[in-house]
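This report concerns only the one structure given below.
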Amino acid sequence: MVFLEVSIVNVALPAMGAALALADTGLAWVVNAYQLTFGGFQLAGGRAADVFGRRRMFQAGIALFTAGSLLCGLAPDAGTLLAGRAVQGVGAALVVPAELALLSAIFTEPAAYRRAFGVWSAMAAAGAGSGVALGGILTETAGWPWIFLINVPIGLAALAASPRLLPADRPPAARGGTGGPRFDLLGALTGTGSLLAMVFVASELPTRGWDALTGAATAVTVVLAVAFRAHQRRHPQPILPPALLRRREVGAGTVANALVGAAHVPAFVLLSLMLQEAMGYSAIAAGFAVLPIAAVNMVTARTVVPWAAGRFGTRAVLAAGMGLLALGLAGYAAFLHPGAGFLTAVLPSSVAFAVGLPAVFVGSTASAVRAAPEEQRGTASGLLNTAQRLGASLGVTGALMASAAWTASHGGTTGALADGLRIGFAVAAGLAVLGVLCALTMFTRHRADTATAPVQRRGALQR
């Protein structure tokens with residue numbers, strides 16, 4: 001649900017603009033308001049899960065996301081819609097770190113954890129991949145508000161089921177620290193503020209370029225980051241414990257997640273633009289053209305990836321997955337052009353890309369979460385997902401700026417647009433190659449049967 005919202009709005013943007021009198025800048029912020037808060041609040045959300053309880057923060061996040069969806073669906077004007085999108089993003093930022101920490105607590109046996117994490121990664125990638133098609137269908141048949149209202153019954157059902165399906169939170173004193181963990185409010189404010197400013201700069205650069213606003217936001221990013229770093233050194237229970245960053249798997253997973261986001265998220269943006277603006281697909285046809293990625297991804301995540309992680313270890317799975325992403329992205333760069341056929345040009349690269357997606361999600365995150373102390377797994381999950389969202393924002397910015405520069409310098413024709421988008425795919429493919437190198441050089445070489453083994457800790461399920 002939370003990953004679906006990243007892409008489901010794209011095809012409905014014209015209908016929203018017509019209904020609420022939104023110009024292109026306002027429509028961009030329908031997307032950016034969600035990305036901004038989703039990326040900016042995950043670090044604080046992860047720490048909150050460790051301090052206040054994983055189930056409690058999961059429920060709070062679902063409640064916020066559902067309320068934001070209702071606000072968007074009933075929005076009478078543009079301001080209300082943007083506010084609802086921001087609330088959705090905050091809710092998503094609470095849900096994702098909490099659910100990853102819950103996975104590690106519920107599924108303690110390595111094989112079960114690999115399967116569960118594979119299903120989670122499949123849902124995440126399938127949501128992003130199928131959002132365009134589902135958004136088109138709902139917009140055409142029921143109207144654009146239903147791309148948000150459809151989340152309301154799902155969210156209410158998740159809230160109703162969570163007390164029965166999720167383990168209860170442990171007492172505060174059992175979650176680490178003397179008398180229980182403390183939430184570093186100043187660290188949360190400075191860290192979240194820096195992240196929000198950074199995501200804002202990345203979101204605005206492709207359209208605004210360097211101007212007074214993006215320059216000021218960059219300065220705010222640096223100042224708040226310096227303040228965050230100084231405060232973390234003094235606080236007895238910082239929001240981002242230094243010892244956590246010194247764990248090799250966590251540090252490697254952070255770098256890997258940034259590269260995963262920078263490589264795979266631009267692919268969906270570039271592919272949508274290529275199919276619609278260069279190859280002449282309608283919005284709905286483009287959505288259905290992307291559906292094979294979601295289908296192949298779900299099958300691979302439930303079958304091949306858990307087996308490969310158990311047989312070869314998550315390090316090898318990540319390297320192979322990043323290699324397949326690079327292959328698929330290079331295929332898009334080499335073969336997509338006006339007049340290219342779906343079966344001969346789009347589908348083969350999409351299959352390689354789809355097989356790689358669940359592998360990189362599992363490989364970059366599963367072992368890193370398990371390497372963290374049990375009482376810090378929410379924080380670790382928040383850190384990893386923050387890195388992925390920041391990587392996604394910077395990757396999209398870089399790919400779109402490289403594409404736009406080429407297109408503008410070559411006359412702005414359809415052919416120049418296609419060539420510019422192919423350059424964007426090539427940039428993303430290069431980042432995926434860096435991901436292969438990260439997997440091979442930064443991650444610990446595990447024995448296959450212990451690659452995702454749990455950190456042994458008594459009472460892991462008594463939460």
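If you're wondering about the labels, chains in the structure tokens are A, B, ... by order shown, residues count from 1 in each chain, ligands from 1 in order shown.
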
May I have the residues within 10 Å of A:Phe268 as a list in words, using only C-alpha atoms and disregarding those fewer than 4 positions away in the same chain? Ser7, Ala128, Gly129, Val132, Ala263, His264, Ser272, Leu273, Met274, Val290 and Val396 of chain A

I want to know what sits within 9 Å of A:Ser403, based on only C-alpha atoms, with residues of the same chain fewer than 4 positions away left out; could you give that as a list in words?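 Near A:Ser403, the qualifying residues are Gly398, Ala399, Thr407, Ala408, Leu417, Ala418, Asp419, Gly420, Leu421, Arg422, Ile423, Gly424 and Phe425 of chain A.
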
With N, CA and C atoms retained, export the selected residues as a tab-separated table (two decimals), in the first residue's frame.
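The file below, part15.tsv, is the result:
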```tsv
chain	number	residue	atom	x	y	z
A	398	GLY	N	19.53	12.97	-11.01
A	398	GLY	CA	20.65	12.84	-11.92
A	398	GLY	C	20.25	12.34	-13.29
A	399	ALA	N	19.40	11.31	-13.32
A	399	ALA	CA	18.99	10.74	-14.61
A	399	ALA	C	18.17	11.74	-15.42
A	407	THR	N	18.57	16.30	-24.42
A	407	THR	CA	17.41	16.63	-25.26
A	407	THR	C	17.44	18.09	-25.68
A	408	ALA	N	17.72	18.98	-24.72
A	408	ALA	CA	17.73	20.41	-25.03
A	408	ALA	C	18.85	20.78	-25.99
A	417	LEU	N	14.65	13.35	-27.52
A	417	LEU	CA	14.09	12.95	-26.23
A	417	LEU	C	14.40	11.49	-25.94
A	418	ALA	N	14.19	10.63	-26.94
A	418	ALA	CA	14.47	9.20	-26.75
A	418	ALA	C	15.95	8.96	-26.43
A	419	ASP	N	16.83	9.66	-27.16
A	419	ASP	CA	18.27	9.50	-26.89
A	419	ASP	C	18.61	10.01	-25.49
A	420	GLY	N	17.98	11.11	-25.06
A	420	GLY	CA	18.23	11.62	-23.72
A	420	GLY	C	17.78	10.65	-22.65
A	421	LEU	N	16.62	10.03	-22.85
A	421	LEU	CA	16.14	9.04	-21.89
A	421	LEU	C	17.04	7.81	-21.86
A	422	ARG	N	17.59	7.45	-23.01
A	422	ARG	CA	18.53	6.32	-23.06
A	422	ARG	C	19.79	6.63	-22.26
A	423	ILE	N	20.22	7.90	-22.30
A	423	ILE	CA	21.36	8.30	-21.46
A	423	ILE	C	21.00	8.15	-19.99
A	424	GLY	N	19.77	8.52	-19.62
A	424	GLY	CA	19.32	8.33	-18.25
A	424	GLY	C	19.36	6.88	-17.83
A	425	PHE	N	18.91	5.97	-18.71
A	425	PHE	CA	19.00	4.53	-18.42
A	425	PHE	C	20.46	4.11	-18.24
```

Have a look at atom CA of A:Leu431 and atom CA of A:Ala330 and let me know their distance in Å, one decimal.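 These atoms are spaced 11.1 Å apart.
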
Once you count only C-alpha atoms, what closest atom pair and distance in Å to one decimal does each residue of stretch 114-221 of chain A within 7 Å of stretch 67-83 of chain A have, with rows by chain and rising residue number, as a Markdown table?
```
| residue | atom | partner | partner_atom | distance |
| --- | --- | --- | --- | --- |
| A:Pro145 | CA | A:Gly73 | CA | 4.3 |
| A:Trp146 | CA | A:Gly73 | CA | 6.4 |
| A:Phe148 | CA | A:Ser69 | CA | 4.9 |
| A:Leu149 | CA | A:Gly73 | CA | 5.3 |
| A:Asn151 | CA | A:Ser69 | CA | 6.4 |
| A:Val152 | CA | A:Leu70 | CA | 6.4 |
```

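Going from atom CA of A:Ala368 over to atom CA of A:Ala252, you cover 7.8 Å.
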
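When only C-alpha atoms are used to compute distances to A:Gly435, the closest of the residues A:Leu383, A:Leu329, A:Val346, A:Ala258 turns out to be A:Ala258.
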
Given the choices A:Gly91, A:Gly40, A:Gly328, A:Gly280, which gets closest to A:Thr190 if the distance is worked out from only C-alpha atoms? A:Gly40

As an MDAnalysis selection string, list the residues of stretch 1-249 of chain A assigned to helix (DSSP H, G or I) by DSSP on the backbone atoms of this structure. chainID A and resid 4:7 10:20 24:40 42:52 54:73 78:106 110:141 146:149 151:165 172:175 185:208 212:234 242:245 248:249

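Residues lying within 12 Å of A:Gln237, counting only C-alpha atoms and ignoring same-chain neighbours fewer than 5 positions away, are Arg47, Asp50, Val51, Gly176, Gly177, Thr178, Gly180, Pro181, Arg182, Phe183, Asp184, Leu185, Leu186, Gly187, Ala188, His231, Gln232, Pro242, Ala243, Leu244, Gln376 and Thr379 of chain A.
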
Tell me, as a PyMOL selection string, which residues lie within 10 Å of A:Ile284, counting only C-alpha atoms; anything in the same chain fewer than 6 positions away does not count. chain A and resi 11+132-137+139-140+276

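Here the question is which of A:Met322, A:Ala93, A:Leu102, A:Ile62 gets nearest to A:Val360 using only C-alpha atoms, and that residue is A:Met322.
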
Mind checking which residues fall within 9 Å of A:Ala48, counting only C-alpha atoms, ignoring those fewer than 3 positions away in the same chain, and posting them as number ranges by chain? A: 43-45, 51-54, 57, 94, 98, 183, 239, 378-379

Store the residues of this selection in a file with C-alpha atoms, as an mmCIF file, in the first residue's frame.
```
data_model
loop_
_atom_site.group_PDB
_atom_site.id
_atom_site.type_symbol
_atom_site.label_atom_id
_atom_site.label_comp_id
_atom_site.auth_asym_id
_atom_site.auth_seq_id
_atom_site.Cartn_x
_atom_site.Cartn_y
_atom_site.Cartn_z
ATOM 1 C CA LEU A 43 15.107 7.629 10.442
ATOM 2 C CA ALA A 44 12.989 9.126 13.230
ATOM 3 C CA GLY A 45 10.293 6.522 12.537
ATOM 4 C CA VAL A 51 11.633 3.298 21.781
ATOM 5 C CA PHE A 52 7.830 3.183 21.778
ATOM 6 C CA GLY A 53 7.244 -0.306 20.367
ATOM 7 C CA ARG A 54 7.170 -1.784 16.848
ATOM 8 C CA MET A 57 4.311 2.509 15.675
ATOM 9 C CA LEU A 94 6.435 4.989 10.443
ATOM 10 C CA ALA A 98 8.381 -1.009 12.087
ATOM 11 C CA PHE A 183 13.760 9.231 22.215
ATOM 12 C CA ILE A 239 18.760 8.610 17.441
ATOM 13 C CA GLY A 378 13.822 -0.491 14.032
ATOM 14 C CA THR A 379 16.566 2.128 13.887
#
```

For A:Glu374, which of A:Ala21, A:Val96, A:Ala33, A:Ala105 is the closest residue, counting only C-alpha atoms?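 Of A:Ala21, A:Val96, A:Ala33, A:Ala105, the one nearest A:Glu374, counting only C-alpha atoms, is A:Ala105.
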